[in-house]
There are 2 protein chains.
Amino acid sequence: MLLRNIMYLVTMNKRREIIRNAAVLIKENKIADIGEDRDIARKYKGEEVIDASNMVALPGLIQSHTHSPMTLMRGYADDLPLMEWLKEKIWPLEAKLKPRDAYYGSLLANLEMIRFGVTTFADMYPFPEEIFKAVDTSGLRAVISPAIFENINKSSNIKNAKKFLKHKHERIIPSLGPHSTYACTKEELEEVARISEEEKILIHIHAAETKDEIREIKKKYGMRPIEFLDSVGLLNERTLLAHVVWPSKREISLIGKRNSKVVHCPISNMKLASGIAPLPEMKGITVSVGSDGPCSNNNLNVFEEMKITALLHKVNTLDPTMVPANVALEMATINGAVSLGLENEIGSIEVGKRADIILVNFRKPHLTPVYNPISHLVYSCNGEDVDTVIVDGEILLRDGKFTKMNPEKIMNKVEKIKNRLVSTK
Amino acid sequence: MLLRNIMYLVTMNKRREIIRNAAVLIKENKIADIGEDRDIARKYKGEEVIDASNMVALPGLIQSHTHSPMTLMRGYADDLPLMEWLKEKIWPLEAKLKPRDAYYGSLLANLEMIRFGVTTFADMYPFPEEIFKAVDTSGLRAVISPAIFENINKSSNIKNAKKFLKHKHERIIPSLGPHSTYACTKEELEEVARISEEEKILIHIHAAETKDEIREIKKKYGMRPIEFLDSVGLLNERTLLAHVVWPSKREISLIGKRNSKVVHCPISNMKLASGIAPLPEMKGITVSVGSDGPCSNNNLNVFEEMKITALLHKVNTLDPTMVPANVALEMATINGAVSLGLENEIGSIEVGKRADIILVNFRKPHLTPVYNPISHLVYSCNGEDVDTVIVDGEILLRDGKFTKMNPEKIMNKVEKIKNRLVSTK
């Protein structure tokens, strides 16, 4: 398959090359060649051609922290104090979820992410088997972490989480999702650390999200959450720390020293009024972006995370040079790949990497004129500008239409689940 | 014309009624009847029917502060210190603009705003005659303020601005746009105040946008910008104050007392690192939203302003109840209408008002399921969910396609202008 006439190819390779009038050759599930269109077209004849005129090609976006089945509760409750929101609204609905609901909720999230140009996501939730099935169906790539948090769901325990690690799949990586320092016991966290070390498994955990959490953990353990994680052996290069809104300077330096990764979730942190993560202080740390669950956002649109990340830290520091567009784009592409341990597979468009590529249609009023494609990707685009999504060499979206999934069926199913969730309360 | 089968009709009337399975009758350029679909359909037979199944109908969005021709410089420069950005990048390009360029730049902005569901905008820029022509062509509604600021453009003086006031147009209201307290002389501002008083003309002005501005005006006049505006008679119920990031408590109370209006521009204020306007303190003041010019945003998408307004003040106050979704929607609809003195004409869907209505397609993965349409409009939608735009009873967008304008021609023209702007520097 040959992508031809690409207006700008944003490679996100080490030199951050941008090639005008480019072409990309895809063989099976990999990127086989890249270059100027006239050169590539001359070399490879007879390939199936996808015309990418007026399109910008870039690595598929990486959504590094979400809870995909929570689409089912999207927009059910907003603008409430955190504990009222959780206890009176979200948790009672969540308690009614059946495995089959989680499957459809995750399928819906997969649909939405494909539409908005996400090609890989990192999920943490109960019902990992259902999420696995959804991702197997959708064609996306995912790191799936069974949530370890028996309060939400009895089967969300370490024993079951361990079972999930047996899965082998071309596009799905099983990992472990101890929910947080406050929702897990010390023993659970220590066991997770041991498994992670022995089996080299990624750990996906919420950390230092709210001021209340800091207070609670300090009271309980005499140290702050990230210090505590370090003390139980859970701060290492495979640790994905979601939020990190309230780290101390010492904790930031600890994260750097251990080469742990941070997922910045600005929209969720703003909507829940958690706070503003000190991103500008996290120099040298790999930071990616995540939408968090669709209840606290309320969508899974990584274009919004990029724009808001670039905006928020400018105003928070009163420095307009903070988080320039290219940095925001790195966070949503190559940094995501590094965070998930997939930097040799995805995150940039380079020969030998997996063919996870999106085409963004720049032939739109709000993307005209074009001085600088990176500026438009971060500051002007919205998710629906995505025209084509390719994951592992397979086309999942073309001309804005789903090629593999039936959105009508899934949306109907989710509306029915919603009716059940609200009617029986 | 009969809009039928509307999933939710969000009226934004005084009681903020939302009608399920609704219909709206449009006669000429006005809303003639509203009600449940079965009642309305029975009453009016033989009307041309627009099927709005799966759509939410709401008043067209109001963009209360922009500089439409600046689309021409969209994405040309970002992430720079303010004065470097203006002096080395924006102003040199702006100096090359010809009237015809401004016409096409504004046409492009009109296209973009139609696509994103804006039906009325308040513009301030030189070249008001060109903007007038663009709006006459596009079918949008606008309040056009010739910028009074001779430094940008010699003809941007009071004499010419006054000439512009002669225009009569069904959808266009001429007003005056003294740029700011620092870009105008005291005498200019006094004359604007006199004309506004005599002819009951709206005044559109930047005020208290940056800390530097506060310092400069205090030094020059011994008072803060909004106090100074009051001292020259420019703070009245027809004054539209854009930004208002750094008002003192006394100035906020002065704005309230004079019944002046505020346009909140959070994205621009974040991108230029101007600061966070104290919106929660502006109780009792009519506040609307604006994108500002597309160079400091970089689009004209009012859906983004709504979401970011709701998010920003939550995190800034660490209070998740701040600016709930319904308030953000008010700012972008009825408050915009009040701010422009058009509350009897637009801003809500009520019998007798102008037919400025948009239909948003909710049959999308990211808008599924639907618990609460207001939540989705603010937190989940993006501009491209807009399916249909009706202004003054005329359909400007249907099924996401422009019915009246030729986007290809305008985008081509603007790309050519861009090439000229950068090539001759």
# chains A, B, ... in the order shown; residues from 1 in each chain; ligands from 1
$ select_by_dssp --residues "region 63-284 of chain A" --states "strand (DSSP E)" --output "VMD selection string"
chain A and resid 63 to 66 118 to 125 141 to 148 172 to 174 177 to 178 203 to 207 239 to 243 261 to 264
$ interface_residues --of "chain B" --to "chain A" --cutoff "6 Å" --atoms "only C-alpha atoms" --output "PDB file with N, CA, C and O atoms, in the first residue's frame"
ATOM      1  N   GLY B  75      -1.562  30.734  12.240  1.00  0.00           N
ATOM      2  CA  GLY B  75      -0.476  29.759  12.323  1.00  0.00           C
ATOM      3  C   GLY B  75       0.851  30.243  11.777  1.00  0.00           C
ATOM      4  O   GLY B  75       1.808  29.481  11.666  1.00  0.00           O
ATOM      5  N   TYR B  76       0.928  31.536  11.450  1.00  0.00           N
ATOM      6  CA  TYR B  76       2.192  32.059  10.919  1.00  0.00           C
ATOM      7  C   TYR B  76       3.253  32.108  12.008  1.00  0.00           C
ATOM      8  O   TYR B  76       4.429  31.885  11.758  1.00  0.00           O
ATOM      9  N   ASP B  79       3.766  30.799  20.029  1.00  0.00           N
ATOM     10  CA  ASP B  79       4.669  30.409  21.111  1.00  0.00           C
ATOM     11  C   ASP B  79       5.827  31.380  21.296  1.00  0.00           C
ATOM     12  O   ASP B  79       6.933  30.983  21.679  1.00  0.00           O
ATOM     13  N   LEU B  80       5.576  32.659  21.003  1.00  0.00           N
ATOM     14  CA  LEU B  80       6.622  33.677  21.142  1.00  0.00           C
ATOM     15  C   LEU B  80       6.215  34.693  22.205  1.00  0.00           C
ATOM     16  O   LEU B  80       5.029  34.875  22.471  1.00  0.00           O
ATOM     17  N   PRO B  81       7.196  35.371  22.786  1.00  0.00           N
ATOM     18  CA  PRO B  81       6.849  36.484  23.680  1.00  0.00           C
ATOM     19  C   PRO B  81       5.992  37.504  22.930  1.00  0.00           C
ATOM     20  O   PRO B  81       6.215  37.750  21.733  1.00  0.00           O
ATOM     21  N   GLU B 112     -15.547  29.532   8.070  1.00  0.00           N
ATOM     22  CA  GLU B 112     -15.194  28.735   9.242  1.00  0.00           C
ATOM     23  C   GLU B 112     -16.264  28.863  10.325  1.00  0.00           C
ATOM     24  O   GLU B 112     -16.661  27.872  10.950  1.00  0.00           O
ATOM     25  N   MET B 270      -4.960  32.555  27.196  1.00  0.00           N
ATOM     26  CA  MET B 270      -4.050  31.468  27.565  1.00  0.00           C
ATOM     27  C   MET B 270      -2.875  31.427  26.585  1.00  0.00           C
ATOM     28  O   MET B 270      -1.716  31.354  26.980  1.00  0.00           O
ATOM     29  N   LYS B 271      -3.183  31.499  25.304  1.00  0.00           N
ATOM     30  CA  LYS B 271      -2.122  31.335  24.290  1.00  0.00           C
ATOM     31  C   LYS B 271      -1.113  32.471  24.354  1.00  0.00           C
ATOM     32  O   LYS B 271       0.096  32.251  24.223  1.00  0.00           O
ATOM     33  N   LEU B 272      -1.608  33.690  24.568  1.00  0.00           N
ATOM     34  CA  LEU B 272      -0.698  34.838  24.656  1.00  0.00           C
ATOM     35  C   LEU B 272      -0.187  35.018  26.080  1.00  0.00           C
ATOM     36  O   LEU B 272       0.566  35.948  26.358  1.00  0.00           O
ATOM     37  N   ALA B 273      -0.609  34.127  26.975  1.00  0.00           N
ATOM     38  CA  ALA B 273      -0.193  34.186  28.381  1.00  0.00           C
ATOM     39  C   ALA B 273      -0.540  35.530  29.007  1.00  0.00           C
ATOM     40  O   ALA B 273       0.215  36.086  29.802  1.00  0.00           O
ATOM     41  N   GLY B 275      -3.228  36.067  30.950  1.00  0.00           N
ATOM     42  CA  GLY B 275      -3.702  35.817  32.312  1.00  0.00           C
ATOM     43  C   GLY B 275      -5.089  35.203  32.287  1.00  0.00           C
ATOM     44  O   GLY B 275      -5.626  34.929  31.212  1.00  0.00           O
ATOM     45  N   ASN B 298      -5.865  28.939  17.388  1.00  0.00           N
ATOM     46  CA  ASN B 298      -5.870  29.619  16.098  1.00  0.00           C
ATOM     47  C   ASN B 298      -7.096  29.311  15.251  1.00  0.00           C
ATOM     48  O   ASN B 298      -6.990  29.187  14.040  1.00  0.00           O
ATOM     49  N   ASN B 299      -8.244  29.185  15.884  1.00  0.00           N
ATOM     50  CA  ASN B 299      -9.447  29.016  15.081  1.00  0.00           C
ATOM     51  C   ASN B 299     -10.562  29.890  15.653  1.00  0.00           C
ATOM     52  O   ASN B 299     -10.322  30.673  16.587  1.00  0.00           O
ATOM     53  N   LEU B 311     -13.823  24.766  31.897  1.00  0.00           N
ATOM     54  CA  LEU B 311     -12.697  24.068  32.530  1.00  0.00           C
ATOM     55  C   LEU B 311     -11.781  25.007  33.308  1.00  0.00           C
ATOM     56  O   LEU B 311     -11.346  24.706  34.423  1.00  0.00           O
ATOM     57  N   LYS B 314     -12.835  26.316  36.779  1.00  0.00           N
ATOM     58  CA  LYS B 314     -12.858  25.238  37.768  1.00  0.00           C
ATOM     59  C   LYS B 314     -11.455  25.043  38.335  1.00  0.00           C
ATOM     60  O   LYS B 314     -11.249  25.024  39.554  1.00  0.00           O
ATOM     61  N   VAL B 315     -10.485  24.889  37.459  1.00  0.00           N
ATOM     62  CA  VAL B 315      -9.142  24.586  37.966  1.00  0.00           C
ATOM     63  C   VAL B 315      -8.521  25.809  38.626  1.00  0.00           C
ATOM     64  O   VAL B 315      -7.760  25.682  39.591  1.00  0.00           O
ATOM     65  N   LEU B 318     -10.087  25.855  41.933  1.00  0.00           N
ATOM     66  CA  LEU B 318     -10.151  24.508  42.539  1.00  0.00           C
ATOM     67  C   LEU B 318     -11.569  24.183  43.020  1.00  0.00           C
ATOM     68  O   LEU B 318     -11.770  23.537  44.041  1.00  0.00           O
ATOM     69  N   ASP B 319     -12.546  24.633  42.222  1.00  0.00           N
ATOM     70  CA  ASP B 319     -13.953  24.396  42.542  1.00  0.00           C
ATOM     71  C   ASP B 319     -14.669  23.837  41.303  1.00  0.00           C
ATOM     72  O   ASP B 319     -14.914  24.569  40.349  1.00  0.00           O
ATOM     73  N   PRO B 320     -15.000  22.521  41.328  1.00  0.00           N
ATOM     74  CA  PRO B 320     -15.577  21.898  40.125  1.00  0.00           C
ATOM     75  C   PRO B 320     -16.999  22.354  39.803  1.00  0.00           C
ATOM     76  O   PRO B 320     -17.530  21.985  38.761  1.00  0.00           O
ATOM     77  N   THR B 321     -17.600  23.148  40.682  1.00  0.00           N
ATOM     78  CA  THR B 321     -18.964  23.624  40.400  1.00  0.00           C
ATOM     79  C   THR B 321     -18.947  24.953  39.628  1.00  0.00           C
ATOM     80  O   THR B 321     -19.994  25.441  39.206  1.00  0.00           O
ATOM     81  N   PRO B 324     -20.729  25.990  35.377  1.00  0.00           N
ATOM     82  CA  PRO B 324     -21.329  24.749  34.878  1.00  0.00           C
ATOM     83  C   PRO B 324     -21.706  24.873  33.399  1.00  0.00           C
ATOM     84  O   PRO B 324     -21.747  25.984  32.852  1.00  0.00           O
ATOM     85  N   PRO B 365     -20.201   8.732  17.799  1.00  0.00           N
ATOM     86  CA  PRO B 365     -19.685   7.990  18.961  1.00  0.00           C
ATOM     87  C   PRO B 365     -19.396   8.885  20.163  1.00  0.00           C
ATOM     88  O   PRO B 365     -19.758   8.541  21.287  1.00  0.00           O
ATOM     89  N   HIS B 366     -18.773  10.043  19.949  1.00  0.00           N
ATOM     90  CA  HIS B 366     -18.386  10.869  21.094  1.00  0.00           C
ATOM     91  C   HIS B 366     -19.573  11.619  21.710  1.00  0.00           C
ATOM     92  O   HIS B 366     -19.410  12.289  22.720  1.00  0.00           O
ATOM     93  N   PRO B 369     -23.660   7.793  24.986  1.00  0.00           N
ATOM     94  CA  PRO B 369     -25.115   7.974  24.966  1.00  0.00           C
ATOM     95  C   PRO B 369     -25.481   9.414  25.357  1.00  0.00           C
ATOM     96  O   PRO B 369     -24.610  10.184  25.744  1.00  0.00           O
ATOM     97  N   TYR B 371     -27.384  11.574  28.021  1.00  0.00           N
ATOM     98  CA  TYR B 371     -28.105  11.784  29.276  1.00  0.00           C
ATOM     99  C   TYR B 371     -28.630  13.221  29.313  1.00  0.00           C
ATOM    100  O   TYR B 371     -29.726  13.479  29.753  1.00  0.00           O
ATOM    101  N   SER B 375     -24.720  19.064  28.517  1.00  0.00           N
ATOM    102  CA  SER B 375     -23.390  18.539  28.841  1.00  0.00           C
ATOM    103  C   SER B 375     -22.626  18.227  27.564  1.00  0.00           C
ATOM    104  O   SER B 375     -21.454  18.604  27.407  1.00  0.00           O
ATOM    105  N   TYR B 379     -19.150  19.917  26.729  1.00  0.00           N
ATOM    106  CA  TYR B 379     -17.969  19.110  27.070  1.00  0.00           C
ATOM    107  C   TYR B 379     -17.553  18.087  26.015  1.00  0.00           C
ATOM    108  O   TYR B 379     -16.430  17.593  26.063  1.00  0.00           O
ATOM    109  N   SER B 380     -18.450  17.721  25.105  1.00  0.00           N
ATOM    110  CA  SER B 380     -18.092  16.648  24.172  1.00  0.00           C
ATOM    111  C   SER B 380     -18.056  17.060  22.712  1.00  0.00           C
ATOM    112  O   SER B 380     -17.303  16.490  21.929  1.00  0.00           O
ATOM    113  N   GLU B 415      -4.775  30.973  -0.019  1.00  0.00           N
ATOM    114  CA  GLU B 415      -3.431  30.392  -0.152  1.00  0.00           C
ATOM    115  C   GLU B 415      -2.552  31.292  -1.033  1.00  0.00           C
ATOM    116  O   GLU B 415      -1.369  31.489  -0.742  1.00  0.00           O
TER     117      GLU B 415
END
$ closest_residue --among "B:Val302, B:Leu61, B:Ala183, B:Ile131" --to "Ile148 (chain B)" --atoms "only C-alpha atoms"
B:Ala183
$ residues_around --residues "Asn29 (chain B)" --least-positions-apart "3" --cutoff "6 Å" --atoms "only C-alpha atoms" --output "list in words"
Arg354, Ala355, Asp392 and Gly393 of chain B
$ residues_around --residues "Pro178 (chain A)" --least-positions-apart "3" --cutoff "7 Å" --atoms "only C-alpha atoms" --output "MDAnalysis selection string"
chainID A and resid 147:149 184 189 204:205
$ residues_around --residues "region 193-196 of chain B" --least-positions-apart "3" --cutoff "12 Å" --atoms "only C-alpha atoms" --output "PDB file with N, CA and C atoms, in the first residue's frame"
ATOM      1  N   ILE B 158     -11.020  58.112  12.936  1.00  0.00           N
ATOM      2  CA  ILE B 158     -12.417  58.352  13.309  1.00  0.00           C
ATOM      3  C   ILE B 158     -13.252  58.823  12.124  1.00  0.00           C
ATOM      4  N   LYS B 159     -12.640  59.651  11.288  1.00  0.00           N
ATOM      5  CA  LYS B 159     -13.390  60.201  10.158  1.00  0.00           C
ATOM      6  C   LYS B 159     -13.955  59.070   9.289  1.00  0.00           C
ATOM      7  N   ALA B 161     -14.171  55.894  10.180  1.00  0.00           N
ATOM      8  CA  ALA B 161     -15.044  55.037  10.988  1.00  0.00           C
ATOM      9  C   ALA B 161     -16.468  55.600  10.982  1.00  0.00           C
ATOM     10  N   LYS B 162     -16.576  56.912  11.118  1.00  0.00           N
ATOM     11  CA  LYS B 162     -17.898  57.551  11.112  1.00  0.00           C
ATOM     12  C   LYS B 162     -18.640  57.297   9.802  1.00  0.00           C
ATOM     13  N   LYS B 163     -17.875  57.352   8.711  1.00  0.00           N
ATOM     14  CA  LYS B 163     -18.498  57.096   7.396  1.00  0.00           C
ATOM     15  C   LYS B 163     -19.154  55.716   7.350  1.00  0.00           C
ATOM     16  N   LEU B 165     -20.658  54.208   9.558  1.00  0.00           N
ATOM     17  CA  LEU B 165     -21.926  54.139  10.310  1.00  0.00           C
ATOM     18  C   LEU B 165     -23.158  54.373   9.438  1.00  0.00           C
ATOM     19  N   PRO B 174     -23.434  48.441  12.049  1.00  0.00           N
ATOM     20  CA  PRO B 174     -22.160  49.149  12.161  1.00  0.00           C
ATOM     21  C   PRO B 174     -21.976  49.672  13.584  1.00  0.00           C
ATOM     22  N   SER B 175     -20.767  49.607  14.051  1.00  0.00           N
ATOM     23  CA  SER B 175     -20.458  50.131  15.378  1.00  0.00           C
ATOM     24  C   SER B 175     -19.079  50.766  15.310  1.00  0.00           C
ATOM     25  N   LEU B 176     -18.520  51.128  16.445  1.00  0.00           N
ATOM     26  CA  LEU B 176     -17.205  51.769  16.446  1.00  0.00           C
ATOM     27  C   LEU B 176     -16.226  50.923  17.256  1.00  0.00           C
ATOM     28  N   GLY B 177     -14.985  50.858  16.779  1.00  0.00           N
ATOM     29  CA  GLY B 177     -13.994  50.006  17.428  1.00  0.00           C
ATOM     30  C   GLY B 177     -12.716  50.718  17.825  1.00  0.00           C
ATOM     31  N   PRO B 178     -12.817  51.651  18.770  1.00  0.00           N
ATOM     32  CA  PRO B 178     -11.556  52.233  19.259  1.00  0.00           C
ATOM     33  C   PRO B 178     -10.733  51.083  19.827  1.00  0.00           C
ATOM     34  N   LYS B 186      -6.728  60.295  24.012  1.00  0.00           N
ATOM     35  CA  LYS B 186      -7.861  60.658  24.859  1.00  0.00           C
ATOM     36  C   LYS B 186      -8.935  61.377  24.027  1.00  0.00           C
ATOM     37  N   GLU B 187      -8.475  62.235  23.116  1.00  0.00           N
ATOM     38  CA  GLU B 187      -9.410  63.004  22.295  1.00  0.00           C
ATOM     39  C   GLU B 187     -10.244  62.070  21.403  1.00  0.00           C
ATOM     40  N   GLU B 188      -9.556  61.074  20.843  1.00  0.00           N
ATOM     41  CA  GLU B 188     -10.280  60.098  20.010  1.00  0.00           C
ATOM     42  C   GLU B 188     -11.366  59.402  20.819  1.00  0.00           C
ATOM     43  N   LEU B 189     -10.966  58.955  22.018  1.00  0.00           N
ATOM     44  CA  LEU B 189     -11.929  58.222  22.852  1.00  0.00           C
ATOM     45  C   LEU B 189     -13.109  59.108  23.238  1.00  0.00           C
ATOM     46  N   GLU B 190     -12.819  60.371  23.516  1.00  0.00           N
ATOM     47  CA  GLU B 190     -13.906  61.298  23.867  1.00  0.00           C
ATOM     48  C   GLU B 190     -14.861  61.489  22.700  1.00  0.00           C
ATOM     49  N   GLU B 199     -25.654  58.786  18.745  1.00  0.00           N
ATOM     50  CA  GLU B 199     -26.264  57.895  17.742  1.00  0.00           C
ATOM     51  C   GLU B 199     -26.588  56.510  18.306  1.00  0.00           C
ATOM     52  N   LYS B 200     -26.397  56.342  19.611  1.00  0.00           N
ATOM     53  CA  LYS B 200     -26.688  55.050  20.266  1.00  0.00           C
ATOM     54  C   LYS B 200     -25.971  53.890  19.561  1.00  0.00           C
ATOM     55  N   ILE B 201     -24.675  54.102  19.397  1.00  0.00           N
ATOM     56  CA  ILE B 201     -23.855  53.130  18.662  1.00  0.00           C
ATOM     57  C   ILE B 201     -23.082  52.276  19.664  1.00  0.00           C
ATOM     58  N   LEU B 202     -22.959  51.000  19.374  1.00  0.00           N
ATOM     59  CA  LEU B 202     -22.174  50.084  20.208  1.00  0.00           C
ATOM     60  C   LEU B 202     -20.674  50.379  20.057  1.00  0.00           C
ATOM     61  N   ILE B 203     -19.960  50.270  21.162  1.00  0.00           N
ATOM     62  CA  ILE B 203     -18.507  50.477  21.172  1.00  0.00           C
ATOM     63  C   ILE B 203     -17.829  49.167  21.510  1.00  0.00           C
ATOM     64  N   HIS B 204     -16.887  48.789  20.674  1.00  0.00           N
ATOM     65  CA  HIS B 204     -16.190  47.513  20.848  1.00  0.00           C
ATOM     66  C   HIS B 204     -14.714  47.845  21.094  1.00  0.00           C
ATOM     67  N   ILE B 205     -14.215  47.509  22.268  1.00  0.00           N
ATOM     68  CA  ILE B 205     -12.862  47.938  22.649  1.00  0.00           C
ATOM     69  C   ILE B 205     -12.147  46.848  23.464  1.00  0.00           C
ATOM     70  N   LEU B 229     -11.600  54.618  30.931  1.00  0.00           N
ATOM     71  CA  LEU B 229     -12.718  54.596  29.977  1.00  0.00           C
ATOM     72  C   LEU B 229     -13.938  55.283  30.580  1.00  0.00           C
ATOM     73  N   ASP B 230     -14.185  55.018  31.848  1.00  0.00           N
ATOM     74  CA  ASP B 230     -15.323  55.650  32.505  1.00  0.00           C
ATOM     75  C   ASP B 230     -15.143  57.166  32.540  1.00  0.00           C
ATOM     76  N   SER B 231     -13.906  57.590  32.787  1.00  0.00           N
ATOM     77  CA  SER B 231     -13.650  59.034  32.920  1.00  0.00           C
ATOM     78  C   SER B 231     -13.873  59.783  31.603  1.00  0.00           C
ATOM     79  N   VAL B 232     -13.731  59.077  30.472  1.00  0.00           N
ATOM     80  CA  VAL B 232     -13.983  59.749  29.187  1.00  0.00           C
ATOM     81  C   VAL B 232     -15.389  59.437  28.655  1.00  0.00           C
ATOM     82  N   GLY B 233     -16.216  58.853  29.500  1.00  0.00           N
ATOM     83  CA  GLY B 233     -17.606  58.624  29.099  1.00  0.00           C
ATOM     84  C   GLY B 233     -17.800  57.403  28.212  1.00  0.00           C
ATOM     85  N   LEU B 234     -16.816  56.507  28.235  1.00  0.00           N
ATOM     86  CA  LEU B 234     -16.909  55.345  27.335  1.00  0.00           C
ATOM     87  C   LEU B 234     -17.337  54.063  28.030  1.00  0.00           C
ATOM     88  N   LEU B 235     -17.807  54.195  29.252  1.00  0.00           N
ATOM     89  CA  LEU B 235     -18.292  52.992  29.933  1.00  0.00           C
ATOM     90  C   LEU B 235     -19.796  53.144  30.099  1.00  0.00           C
ATOM     91  N   ASN B 236     -20.519  52.511  29.180  1.00  0.00           N
ATOM     92  CA  ASN B 236     -21.975  52.590  29.279  1.00  0.00           C
ATOM     93  C   ASN B 236     -22.577  51.277  28.836  1.00  0.00           C
ATOM     94  N   GLU B 237     -23.886  51.222  28.716  1.00  0.00           N
ATOM     95  CA  GLU B 237     -24.543  49.937  28.432  1.00  0.00           C
ATOM     96  C   GLU B 237     -24.304  49.463  27.008  1.00  0.00           C
ATOM     97  N   ARG B 238     -23.715  50.322  26.176  1.00  0.00           N
ATOM     98  CA  ARG B 238     -23.395  49.903  24.803  1.00  0.00           C
ATOM     99  C   ARG B 238     -21.912  49.569  24.637  1.00  0.00           C
ATOM    100  N   THR B 239     -21.174  49.508  25.751  1.00  0.00           N
ATOM    101  CA  THR B 239     -19.735  49.228  25.655  1.00  0.00           C
ATOM    102  C   THR B 239     -19.461  47.731  25.772  1.00  0.00           C
TER     103      THR B 239
END
$ select_by_dssp --residues "region 242-388 of chain A" --states "alpha helix (DSSP H)" --output "MDAnalysis selection string"
chainID A and resid 249:258 266:271 302:317 325:332 334:339 373:375
$ residues_around --residues "Asp356 (chain B)" --least-positions-apart "4" --cutoff "7 Å" --atoms "only C-alpha atoms" --output "PyMOL selection string"
chain B and resi 59-60+119+346+390-393
$ write_last_selection --atoms "C-alpha atoms" --output "PDB file, in the first residue's frame"
ATOM      1  CA  PRO B  59     -29.751  29.224  18.957  1.00  0.00           C
ATOM      2  CA  GLY B  60     -26.856  29.973  16.628  1.00  0.00           C
ATOM      3  CA  THR B 119     -24.522  32.754  13.314  1.00  0.00           C
ATOM      4  CA  ILE B 346     -31.485  36.616  18.553  1.00  0.00           C
ATOM      5  CA  ILE B 390     -29.815  28.816   9.501  1.00  0.00           C
ATOM      6  CA  VAL B 391     -29.389  32.589   9.687  1.00  0.00           C
ATOM      7  CA  ASP B 392     -32.267  34.996   9.233  1.00  0.00           C
ATOM      8  CA  GLY B 393     -34.303  32.103   7.884  1.00  0.00           C
TER       9      GLY B 393
END
$ residues_around --residues "region 44-46 of chain A" --least-positions-apart "2" --cutoff "12 Å" --atoms "only C-alpha atoms" --output "list of chain:residue names"
A:Met1, A:Leu2, A:Leu3, A:Arg4, A:Ala23, A:Val24, A:Leu25, A:Ile26, A:Lys27, A:Ala32, A:Asp33, A:Ile34, A:Gly35, A:Asp37, A:Arg38, A:Asp39, A:Ile40, A:Ala41, A:Arg42, A:Glu48, A:Val49
$ atom_distance --atom1 "CA of Asp387 (chain B)" --atom2 "CA of Gly400 (chain B)"
4.6 Å
$ closest_residue --among "A:His67, A:Arg250, A:His206, A:Arg16" --to "Arg224 (chain A)" --atoms "only C-alpha atoms"
A:Arg250
$ decode --residues "region 235-245 of chain B" --atoms "N, CA and C atoms" --output "tab-separated table (two decimals), in the first residue's frame"
chain	number	residue	atom	x	y	z
B	235	LEU	N	-17.81	54.20	29.25
B	235	LEU	CA	-18.29	52.99	29.93
B	235	LEU	C	-19.80	53.14	30.10
B	236	ASN	N	-20.52	52.51	29.18
B	236	ASN	CA	-21.97	52.59	29.28
B	236	ASN	C	-22.58	51.28	28.84
B	237	GLU	N	-23.89	51.22	28.72
B	237	GLU	CA	-24.54	49.94	28.43
B	237	GLU	C	-24.30	49.46	27.01
B	238	ARG	N	-23.72	50.32	26.18
B	238	ARG	CA	-23.40	49.90	24.80
B	238	ARG	C	-21.91	49.57	24.64
B	239	THR	N	-21.17	49.51	25.75
B	239	THR	CA	-19.74	49.23	25.65
B	239	THR	C	-19.46	47.73	25.77
B	240	LEU	N	-18.75	47.22	24.78
B	240	LEU	CA	-18.36	45.80	24.75
B	240	LEU	C	-16.86	45.76	25.04
B	241	LEU	N	-16.53	45.28	26.23
B	241	LEU	CA	-15.13	45.26	26.69
B	241	LEU	C	-14.54	43.87	26.42
B	242	ALA	N	-13.58	43.79	25.52
B	242	ALA	CA	-12.99	42.48	25.22
B	242	ALA	C	-11.85	42.18	26.19
B	243	HIS	N	-11.80	40.96	26.65
B	243	HIS	CA	-10.74	40.40	27.51
B	243	HIS	C	-10.97	40.64	29.01
B	244	VAL	N	-10.75	41.87	29.49
B	244	VAL	CA	-10.95	42.20	30.92
B	244	VAL	C	-10.29	41.14	31.83
B	245	VAL	N	-9.00	40.94	31.59
B	245	VAL	CA	-8.24	39.94	32.35
B	245	VAL	C	-7.78	40.50	33.70
